[in-house]
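In what follows, a single structure is set out as structure tokens and then discussed.
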Amino acid sequence: MKIQQLYDLQQDINRLIIAGSKFAKDDPRLQKQIQVFNKLGEKAPVFKKIAEGIENLVGADITDSADKLSDISVLLYSVLYTQGETVEDSTNAEGSTKLEPILPLDDIRTDKSYMTLKPVIEALSTRRSGRLEVLKNAFENNLLNDFRIYHLLDIALEDKYNDLADYVETVIIPSIGKPMLPVLLKNFNYKDTVGDVRRFRLLNELNYPKIRETIEEIFAGKSKRLQTEAITVMSKNPEKEDLLIKFSSNRRKPVHTAARQSSEDLDTANAQQNTV
Amino acid sequence: MKLTAQDIETLASNASVTQKGKELASHNKFSNLKITADGTFLWGECSGSGKNPYFCSADFADEHKPVFRCNCPSRQFPCKHSTGLLFAFQMGQKFNIAEIPAEIVDKRLKIENRAVKKENPTSETSGTTAKPADARRIVKKIELQLSGIETAQKLLQNIMLTGLSGIDASLNKMLDNQIKELGNYYIGGIQTAFNDVLTELRGTHKYEYTDAIECLNYLWALLKKSREYLISKKENPAAPPDLTSAIEEQTGYVWKLTDLMQYGLYEENAEIVQLSYHSYSNASRQEYIDEGHWFNLKNGKIYKSQIYRPYRTLRHIQEGNSCLDALQLPKLFIYPGNVNPRVRWEYFKTRPVDAGDRQKIIAAAASNYAEMVKTVKSTIKNPLMDKNPVMLLQLNRAFVAGKHIVLEDKNGNRLTLADFSKQQIETEALLQSILPEDCENYALTVMAKNEVKTGMLYFTALSVITPNKIIRLLY
């Protein structure tokens, strides 16, 4: 249970440390606290000690005030360290959700040492030169399939160094495969950015089961880059032909033109009927 | 001789040398590779950018302390050429058997003589009781330390009197210079604590001074206790140092292995397993800290190993590394004080971590969270104790509430996990991606983190221990 008086006192002590102990003498707020803590002291002696500490502080001359303020601050924080709550107030109110692990525990191996991973992590998270070379080397030595760097690979899709982002997209992530899906989805926000376009392409390539819903969502949104990419994806894939046909009658011109063009390219019986 | 890539990483001075050495070996830059018949000495030539190749060698006469030699100008030992030589050997490149060069025999002899000298020191240095001259020297040093502490105390009093909001750029600069001067008084620990205060103040946002005030409190408590301690030591300079707390180290004393040996602060034939490893940068110390957390298989205690690498001398200090094997140590040196005592060792052998070891770790983990929290609180309430003790928890049930993972023990006690950005530990998302709801029979290594600001005691996950493996969320 939180003892509010302690946190109130902390505010007062912080205020004095910020403003300077020279203002402590006869501080009215602190004087009120003496009574409060004397009363609490009837239950536990430590509060009595705090009350004495405050008394010493408000009674001290300016020259002594610094030491007295330090003393009471150390004591108060020591007590506060015993008061930490282990569960947030909102935990019970909001209710809980189940943990949904995206990787089975049995498949995880963390047998690569810090020295092995460090160059890879630096290559993925800094802006130094020679990073692509490090990644290529690491890939050849099979160092990249470690769940601790999955999120860094996802972030690298947004890297300003295009060749590096390309390499991550076309070589590294496909080699890891399905385990990357949840990581990609976490940061895929249907934004009009190169990063999201790369994520979308990968979702499609890794056979994300809800790719059709994703495509529909893309066309409900406004990102032109994603829409263009979605049409390219559909045009290469006869299974998604019905979606192309659907978007051929979209009211936005760039969408229906591209969709019709792509279904022409598909050159299946259905598509031909659609373009006639 | 058998050498694994992991062994070479342990011997290498840092990650970049390891990487470069590996490249040299895989690009076939070595020629004229030779090895002695007993396999204790390897040498060869490595082509560099110049006309002549570098001659490098690795001498395993003492298996635990190999000596690396190279005629390249690098001041890192081992340099990338010697490290590459080891990789060439590990990758199976051809080494011809040859006679050991005569100069190496001489050098080995010299090393041996030095070791013998070290083991049988002359009678002058072997005395255990302080002589009068020593006592005078100790008293003189203590006097100097005390005057340093007095200066530090005055500085702190001035800060408190002016108030934190009164510290502007010019005052900050002045304080910086004064703190630098504290370096002349053998009180390095106090100097660091002062630097912590200033670093924290510079990083303060939106008038949220709680972190800076915590640093001030530590400094004040440290000044008080070290003053008391040194005054009592001055009265009796021949008495042994305080071995029950970390005050010597906190004031600035650097324990030597010989000291620890002298005061019996070691355990014989210890076996330890690393639970997690982490390297982070500490701006106020101007250092990288390589920190490992270890489980003692004999007594179930958790230890800490720390390597400090100052920014200025990065290239010359060996970088730490994660250790995936169990270590067998003839002598494990244990520093005084603190809930996770700092440890060091000189010699070690490795063996793979087995199921029995993991079972021991899981069995030693706390199953009652309330009791564990009590231990943590009684530790961190002491102003001079480690504020982030590392503990082991037995897992029972886990779920997500709000942003955080909440753990629940069999009695319904709950804990909340969170990241620890100050120490650059961000593991919560990783744990969320692997931890099943029903996680009975697993253990979790956690670091406590109390936030006075929010009144919360969080725990930061470092690794998961299952009967089959140790999953490291850091390194």
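Every chain in the structure tokens takes a letter, A first, then B, and so on in the order presented; its residues are numbered from 1, and the ligands are numbered from 1 following the presented order.
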Just the residues within 10 Å of range 58-63 of chain A, please, counting only C-alpha atoms, with nothing from its chain fewer than 2 positions along; format it as a ChimeraX atom specification. /A:21-28,30-31,34,53-56,65-69 /B:157-158,161
Considering only C-alpha atoms, give me a table of residues in range 136-254 of chain A that are at most 12 Å from range 98-122 of chain A, with the closest atom pair and distance in Å for each, as CSV.
residue,atom,partner,partner_atom,distance
A:Lys136,CA,A:Val120,CA,9.8
A:Asn137,CA,A:Val120,CA,9.4
A:Ala138,CA,A:Val120,CA,7.1
A:Phe139,CA,A:Val120,CA,9.6
A:Asn141,CA,A:Thr116,CA,10.4
A:Asn142,CA,A:Lys112,CA,10.4
A:Leu143,CA,A:Leu117,CA,7.6
A:Leu144,CA,A:Val120,CA,7.9
A:Asn145,CA,A:Arg109,CA,9.3
A:Asp146,CA,A:Thr110,CA,6.8
A:Phe147,CA,A:Ile108,CA,7.3
A:Arg148,CA,A:Thr110,CA,8.1
A:Ile149,CA,A:Ile121,CA,7.2
A:Tyr150,CA,A:Ile121,CA,10.4
A:His151,CA,A:Ile121,CA,10.6
A:Leu152,CA,A:Ile121,CA,7.5
A:Leu153,CA,A:Ile121,CA,9.3
A:Ile155,CA,A:Ile121,CA,11.4
A:Ala156,CA,A:Ile121,CA,10.5
A:Lys178,CA,A:Leu103,CA,9.7
A:Pro179,CA,A:Leu103,CA,6.5
A:Met180,CA,A:Ile102,CA,9.1
A:Leu181,CA,A:Ile102,CA,8.9
A:Pro182,CA,A:Ile102,CA,6.6
A:Val183,CA,A:Ile102,CA,8.7
A:Leu184,CA,A:Ile102,CA,11.7
A:Leu185,CA,A:Ile102,CA,11.4
A:Lys186,CA,A:Ile102,CA,11.4
Restricting the calculation to only C-alpha atoms, which member of A:Phe188, A:Tyr7, A:Tyr167, A:Phe219 is positioned closest to chain B? A:Tyr7
Contacts of Cys46 in chain B at 7 Å (only C-alpha atoms; same-chain gap of 4+ positions) as a list in words: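 With the cut-off at 7 Å, the set is Lys29, Phe30, Ser31, Pro53, Tyr54, Phe55 and His81 of chain B.
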With N, CA and C atoms retained, export the selected residues as a PDB file, in the first residue's frame.
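Saved as out.pdb:
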ATOM      1  N   LYS B  29      45.712 -15.302 -46.335  1.00  0.00           N
ATOM      2  CA  LYS B  29      46.827 -14.349 -46.302  1.00  0.00           C
ATOM      3  C   LYS B  29      48.066 -14.948 -45.622  1.00  0.00           C
ATOM      4  N   PHE B  30      47.920 -16.157 -45.071  1.00  0.00           N
ATOM      5  CA  PHE B  30      49.042 -16.727 -44.329  1.00  0.00           C
ATOM      6  C   PHE B  30      49.847 -17.686 -45.200  1.00  0.00           C
ATOM      7  N   SER B  31      51.157 -17.685 -44.965  1.00  0.00           N
ATOM      8  CA  SER B  31      51.984 -18.634 -45.685  1.00  0.00           C
ATOM      9  C   SER B  31      53.058 -19.145 -44.720  1.00  0.00           C
ATOM     10  N   PRO B  53      56.228  -9.554 -45.425  1.00  0.00           N
ATOM     11  CA  PRO B  53      55.120 -10.073 -44.592  1.00  0.00           C
ATOM     12  C   PRO B  53      55.409  -9.844 -43.108  1.00  0.00           C
ATOM     13  N   TYR B  54      54.370  -9.959 -42.284  1.00  0.00           N
ATOM     14  CA  TYR B  54      54.554  -9.899 -40.827  1.00  0.00           C
ATOM     15  C   TYR B  54      54.815 -11.311 -40.326  1.00  0.00           C
ATOM     16  N   PHE B  55      55.722 -11.406 -39.343  1.00  0.00           N
ATOM     17  CA  PHE B  55      55.995 -12.707 -38.736  1.00  0.00           C
ATOM     18  C   PHE B  55      55.234 -12.766 -37.415  1.00  0.00           C
ATOM     19  N   HIS B  81      46.947 -10.201 -36.726  1.00  0.00           N
ATOM     20  CA  HIS B  81      47.715 -11.245 -37.415  1.00  0.00           C
ATOM     21  C   HIS B  81      47.813 -12.509 -36.560  1.00  0.00           C
TER      22      HIS B  81
END
Within 6 Å of range 74-87 of chain A, counting only C-alpha atoms, which residues qualify if same-chain residues fewer than 5 places away don't, as a PyMOL selection string? chain B and resi 217+377+381+415-416+455-457
Can you tell me which residues surround Leu132 in chain A at a distance of at most 9 Å, considering only C-alpha atoms, apart from same-chain residues fewer than 6 positions away, and format the answer as a list in words?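 Once the adjacent positions are removed, what remains is Ala123, Leu124, Asp163, Leu164 and Tyr167 of chain A.
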For Arg351 in chain B, find every residue with an atom within 8 Å (counting only C-alpha atoms), except residues of its own chain fewer than 6 positions away, and show them as a list in words.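 Listing them by chain and then by number gives Asp325, Ala326, Leu327 and Gln328 of chain B.
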Rounded to one decimal in Å, what is the spacing between CA of Ala461 in chain B and CA of Thr445 in chain B?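 Atom-to-atom, CA of Ala461 in chain B and CA of Thr445 in chain B are spaced 6.0 Å apart.
Proximity of A:Glu88, A:Asp192, A:Glu133, A:Asp8 to Gln33 in chain A, computed with only C-alpha atoms, is greatest for A:Asp8.
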Which neighbours of Glu437 in chain B fall inside 12 Å, counting only C-alpha atoms, when residues of the same chain fewer than 4 positions from it are skipped, and could you give them as a list in words?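 Surrounding residues, per the criterion: Ser96, Thr97, Lys98, Leu99, Glu100, Pro101, Pro104 and Leu105 of chain A; Leu395, Asn396, Arg397, Ala398, Phe399, Val400, Ile405, Val406, Leu407, Glu408, Leu431, Gln432, Ser433 and Tyr442 of chain B.
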Calculated over only C-alpha atoms, which of the candidates B:Trp255, B:Met160, B:Phe41, B:Pro241 has the smallest distance to Asp64 in chain A?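 Of all the options, B:Met160 lies closest to Asp64 in chain A.
Among the candidates B:Glu248, B:Asp290, B:Asp62, B:Glu267, the one nearest to Leu332 in chain B when counting only C-alpha atoms is B:Glu267.
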d(CA of Glu440 in chain B, CA of Val339 in chain B) in Å: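 Atom-to-atom, CA of Glu440 in chain B to CA of Val339 in chain B, that is 26.6 Å.
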